[in-house]
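Asker: So here's work_25.csv (CSV, C-alpha atoms).
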```
chain,number,residue,atom,x,y,z
A,1295,MET,CA,132.9,61.2,98.5
A,1296,ARG,CA,130.5,59.4,100.9
A,1297,ILE,CA,131.9,56.9,103.4
A,1298,PHE,CA,129.5,55.2,105.8
A,1299,THR,CA,131.1,54.0,109.1
A,1300,GLY,CA,130.1,52.8,112.5
A,1301,GLN,CA,127.6,50.5,114.2
A,1302,TYR,CA,124.2,51.7,115.4
A,1303,ASP,CA,121.8,49.8,117.5
A,1304,ARG,CA,118.3,50.2,116.1
A,1305,THR,CA,114.8,48.6,116.1
A,1306,ILE,CA,112.5,47.9,113.1
A,1307,ASP,CA,109.1,49.1,114.2
A,1308,ALA,CA,105.6,47.7,113.6
A,1309,LYS,CA,105.4,49.6,110.3
A,1310,ASN,CA,108.7,48.0,109.1
A,1311,ARG,CA,110.5,51.3,109.5
A,1312,VAL,CA,114.1,51.8,110.7
A,1313,GLN,CA,115.6,55.1,111.6
A,1314,LEU,CA,119.0,56.0,110.2
A,1315,PRO,CA,121.1,57.8,112.9
A,1316,SER,CA,122.1,61.4,112.3
A,1317,GLN,CA,125.7,60.3,111.8
A,1318,LEU,CA,124.7,58.3,108.7
A,1319,ARG,CA,122.2,60.8,107.4
A,1320,ALA,CA,124.9,63.5,107.6
A,1321,VAL,CA,126.9,61.7,105.0
A,1322,ILE,CA,124.1,61.7,102.5
A,1323,GLU,CA,123.9,64.9,100.4
A,1324,PRO,CA,120.6,65.0,98.3
A,1325,GLU,CA,122.2,67.2,95.6
A,1326,ARG,CA,124.9,64.6,95.1
A,1327,ASP,CA,123.2,61.3,96.2
A,1328,GLY,CA,119.6,61.8,95.3
A,1329,ASN,CA,116.5,61.9,97.5
A,1330,GLY,CA,115.8,58.2,97.9
A,1331,VAL,CA,117.7,55.1,98.9
A,1332,TYR,CA,117.6,51.5,97.6
A,1333,VAL,CA,117.3,48.5,99.8
A,1334,THR,CA,118.7,45.2,98.5
A,1335,LEU,CA,119.7,41.8,99.7
A,1336,GLY,CA,123.1,42.2,101.4
A,1337,GLU,CA,126.4,40.6,100.6
A,1338,TYR,CA,126.4,38.7,103.9
A,1339,ARG,CA,123.8,36.0,104.4
A,1340,GLY,CA,120.8,37.3,106.4
A,1341,THR,CA,121.5,41.0,105.8
A,1342,LEU,CA,120.1,43.8,103.7
A,1343,SER,CA,122.0,46.7,102.2
A,1344,ILE,CA,121.0,50.3,101.8
A,1345,PHE,CA,122.5,52.4,99.0
A,1346,THR,CA,121.9,56.0,98.1
A,1347,GLU,CA,120.4,56.5,94.7
A,1348,ARG,CA,123.8,57.5,93.3
A,1349,GLY,CA,125.5,54.7,95.1
A,1350,PHE,CA,123.1,52.2,93.6
A,1351,GLU,CA,123.6,53.7,90.1
A,1352,GLU,CA,127.4,53.4,90.6
A,1353,LEU,CA,127.1,49.8,91.7
A,1354,ALA,CA,124.9,49.0,88.7
A,1355,ALA,CA,127.4,50.6,86.3
A,1356,ARG,CA,130.2,48.4,87.8
A,1357,ILE,CA,128.2,45.2,87.4
A,1358,GLU,CA,128.7,44.1,83.8
A,1359,THR,CA,126.6,41.0,83.6
A,1360,GLU,CA,125.9,41.5,79.9
A,1361,PHE,CA,129.5,40.4,79.4
A,1362,MET,CA,128.8,37.2,81.4
A,1363,PRO,CA,126.1,35.4,79.4
A,1364,GLY,CA,124.5,32.4,80.9
A,1365,PRO,CA,122.0,31.3,83.6
A,1366,GLU,CA,124.0,32.6,86.6
A,1367,SER,CA,124.1,36.2,85.3
A,1368,ARG,CA,120.4,36.1,84.4
A,1369,ARG,CA,119.5,34.7,87.8
A,1370,PHE,CA,121.6,37.3,89.5
A,1371,GLU,CA,119.9,40.1,87.6
A,1372,LEU,CA,116.5,38.7,88.3
A,1373,GLN,CA,117.1,38.4,92.0
A,1374,PHE,CA,119.3,41.5,92.6
A,1375,TYR,CA,117.4,44.0,90.5
A,1376,GLY,CA,114.0,42.3,90.9
A,1377,LEU,CA,114.2,42.5,94.7
A,1378,ALA,CA,115.8,45.9,95.0
A,1379,SER,CA,113.3,48.5,96.3
A,1380,ARG,CA,113.6,52.3,96.2
A,1381,THR,CA,112.2,54.2,99.2
A,1382,GLU,CA,112.5,57.6,100.7
A,1383,MET,CA,113.3,58.7,104.2
A,1384,ASP,CA,110.8,60.7,106.2
A,1385,LYS,CA,111.7,63.9,108.1
A,1386,GLN,CA,112.8,61.7,111.1
A,1387,GLY,CA,115.2,59.8,109.0
A,1388,ARG,CA,113.1,56.6,108.9
A,1389,LEU,CA,112.8,54.4,105.9
A,1390,VAL,CA,110.6,51.4,105.2
A,1391,VAL,CA,112.3,48.1,105.0
A,1392,PRO,CA,110.3,46.2,102.4
A,1393,ASP,CA,108.6,43.2,104.0
A,1394,ARG,CA,109.6,40.9,101.2
A,1395,LEU,CA,113.3,41.7,101.8
A,1396,ARG,CA,113.0,41.6,105.5
A,1397,THR,CA,111.4,38.1,105.3
A,1398,LYS,CA,114.2,36.8,103.0
A,1399,ALA,CA,116.9,38.2,105.3
A,1400,ARG,CA,115.0,36.9,108.4
A,1401,LEU,CA,115.5,40.2,110.2
A,1402,GLY,CA,113.9,40.5,113.5
A,1403,GLU,CA,113.1,43.8,115.4
A,1404,ALA,CA,116.5,44.2,117.0
A,1405,VAL,CA,119.1,45.2,114.4
A,1406,PHE,CA,122.4,46.9,113.9
A,1407,LEU,CA,123.0,49.4,111.1
A,1408,VAL,CA,126.6,49.0,110.0
A,1409,GLY,CA,128.5,51.5,107.8
A,1410,GLN,CA,130.2,49.6,105.0
A,1411,LYS,CA,132.0,52.3,103.1
A,1412,ASN,CA,129.5,52.9,100.2
A,1413,ARG,CA,126.5,51.3,101.8
A,1414,ILE,CA,124.8,50.7,105.1
A,1415,ASP,CA,124.1,47.1,106.1
A,1416,ILE,CA,121.2,45.9,108.3
A,1417,TRP,CA,122.1,43.0,110.5
A,1418,ASN,CA,120.3,41.0,113.2
A,1419,ARG,CA,122.1,41.9,116.4
A,1420,GLU,CA,123.1,38.3,117.2
A,1421,ASP,CA,124.4,37.6,113.7
A,1422,LEU,CA,126.6,40.7,113.7
A,1423,GLU,CA,128.0,39.9,117.1
A,1424,ARG,CA,128.8,36.3,116.0
A,1425,SER,CA,130.4,37.5,112.8
A,1426,MET,CA,132.6,40.1,114.5
A,1427,ALA,CA,133.6,37.8,117.4
A,1428,ILE,CA,137.2,38.5,118.1
A,1429,ASP,CA,139.3,37.6,121.1
A,1430,TRP,CA,140.5,41.2,121.6
A,1431,ASP,CA,142.7,40.1,124.5
A,1432,GLY,CA,144.2,37.1,122.8
A,1433,GLU,CA,145.7,36.1,119.5
A,1434,ASP,CA,142.7,37.1,117.3
A,1435,TRP,CA,143.6,40.8,117.0
A,1436,PRO,CA,142.9,41.6,113.4
A,1437,ASP,CA,145.9,41.9,111.1
A,1438,TRP,CA,144.7,44.9,109.0
A,1439,GLN,CA,148.1,46.1,107.9
A,1440,GLY,CA,147.8,44.7,104.4
A,1441,PHE,CA,144.4,46.3,103.9
A,1442,LEU,CA,145.4,49.7,105.4
A,1443,ARG,CA,148.5,49.9,103.1
A,1444,MET,CA,146.8,48.8,99.9
A,1445,ARG,CA,147.1,50.9,96.8
A,1446,PRO,CA,144.6,51.1,94.0
A,1447,ALA,CA,145.5,48.9,91.0
A,1448,ALA,CA,147.3,50.7,88.2
A,1449,PRO,CA,145.1,51.4,85.2
A,1450,LYS,CA,145.6,49.0,82.3
A,1451,ASP,CA,146.9,50.2,79.0
A,1452,PRO,CA,144.3,50.1,76.2
```
Show the structure stored in the file as structure tokens.

Answerer:
Amino acid sequence: MRIFTGQYDRTIDAKNRVQLPSQLRAVIEPERDGNGVYVTLGEYRGTLSIFTERGFEELAARIETEFMPGPESRRFELQFYGLASRTEMDKQGRLVVPDRLRTKARLGEAVFLVGQKNRIDIWNREDLERSMAIDWDGEDWPDWQGFLRMRPAAPKDP
């Protein structure tokens, strides 16, 4: 099972490459996860997401838009799959961030890579800091108890 965690301060270079830190690369097993990665628009506005090949295939298997006919599902498929881009990491762990996706997400040079369980998100530094703003000394301490104690939903009977 692959679980991506942590925040890593990175720079997108002049060739649109970003280097995955060794901590994130260590989680990827080519025999299990494939040799390439997919870069897509992220769940959060102004972000991109990186999935392993297997992770992207698992995500695609969970997305059942064929059971949701209509313009929204067609638009989602056009945008999500049409903008997804497969790339490979070089020996230094760098991957190319497609210019088209970088432009849509408005990513600058200074970014954070953030482990998000089954994916790695690319954030502008300022946007991530703003989104994670918590008054750690005050009343804003996160109440994670409900999430930490969650149990998977019971399977439904056929």

Asker: Using all atoms listed in the file, pick whichever of A:Gln1301, A:Asn1418, A:Thr1334, A:Ser1425 has the shortest atom-to-atom distance to Leu1395 in chain A.

Answerer: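 Of A:Gln1301, A:Asn1418, A:Thr1334, A:Ser1425, the one nearest Leu1395 in chain A is A:Thr1334, counting all atoms listed in the file.
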
Asker: Would you please work out which residue, of A:Val1391, A:Ala1308, A:Ile1416, A:Val1408, is nearest to Arg1339 in chain A when using only C-alpha atoms?

Answerer: A:Ile1416

Asker: Would you tabulate, counting all atoms listed in the file, all residues of range 1369-1424 of chain A that have an atom at most 9 Å from an atom of range 1347-1356 of chain A, showing the closest pair of atoms and their distance in Å to one decimal, sorted by chain then ascending number, as a tab-separated table?

Answerer:
```
residue	atom	partner	partner_atom	distance
A:Arg1380	CA	A:Glu1347	CA	8.1
A:Asn1412	CA	A:Gly1349	CA	6.7
A:Arg1413	CA	A:Gly1349	CA	7.6
```

Asker: As an exercise, work out the distance from CA of Asp1421 in chain A to CA of Met1295 in chain A in Å and give it to one decimal place.

Answerer: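 That distance, rounded to one decimal, is 29.3 Å.
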
Asker: Tell me which of A:Asn1310, A:Leu1407, A:Glu1420, A:Thr1305 sits closest to Arg1394 in chain A, counting only C-alpha atoms.

Answerer: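 Residue with the minimum atom-to-atom distance to Arg1394 in chain A: A:Asn1310.
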
Asker: Report the distance between CA of Leu1377 in chain A and CA of Asn1329 in chain A in Å, rounded to one decimal place.

Answerer: 19.7 Å

Asker: So which one's closest to Lys1411 in chain A, A:Glu1423, A:Ile1344, A:Asp1393, A:Tyr1302? Using all atoms listed in the file, please.

Answerer: A:Ile1344

Asker: How would range 1405-1422 of chain A of the given structure read as a file with C-alpha atoms, as an mmCIF file, in the first residue's frame?

Answerer:
```cif
data_model
loop_
_atom_site.group_PDB
_atom_site.id
_atom_site.type_symbol
_atom_site.label_atom_id
_atom_site.label_comp_id
_atom_site.auth_asym_id
_atom_site.auth_seq_id
_atom_site.Cartn_x
_atom_site.Cartn_y
_atom_site.Cartn_z
ATOM 1 C CA VAL A 1405 5.883 25.327 -4.850
ATOM 2 C CA PHE A 1406 5.228 22.795 -2.134
ATOM 3 C CA LEU A 1407 4.739 19.113 -2.870
ATOM 4 C CA VAL A 1408 2.198 17.740 -0.403
ATOM 5 C CA GLY A 1409 1.546 14.056 0.264
ATOM 6 C CA GLN A 1410 -2.188 13.399 0.084
ATOM 7 C CA LYS A 1411 -2.449 9.661 0.829
ATOM 8 C CA ASN A 1412 -2.790 8.251 -2.719
ATOM 9 C CA ARG A 1413 -1.422 11.260 -4.596
ATOM 10 C CA ILE A 1414 1.027 14.149 -4.389
ATOM 11 C CA ASP A 1415 -0.358 17.662 -4.814
ATOM 12 C CA ILE A 1416 1.605 20.625 -6.175
ATOM 13 C CA TRP A 1417 0.691 23.913 -4.471
ATOM 14 C CA ASN A 1418 1.866 27.477 -4.806
ATOM 15 C CA ARG A 1419 3.663 28.189 -1.529
ATOM 16 C CA GLU A 1420 1.455 31.130 -0.550
ATOM 17 C CA ASP A 1421 -1.774 29.261 -1.358
ATOM 18 C CA LEU A 1422 -0.821 26.282 0.796
#
```
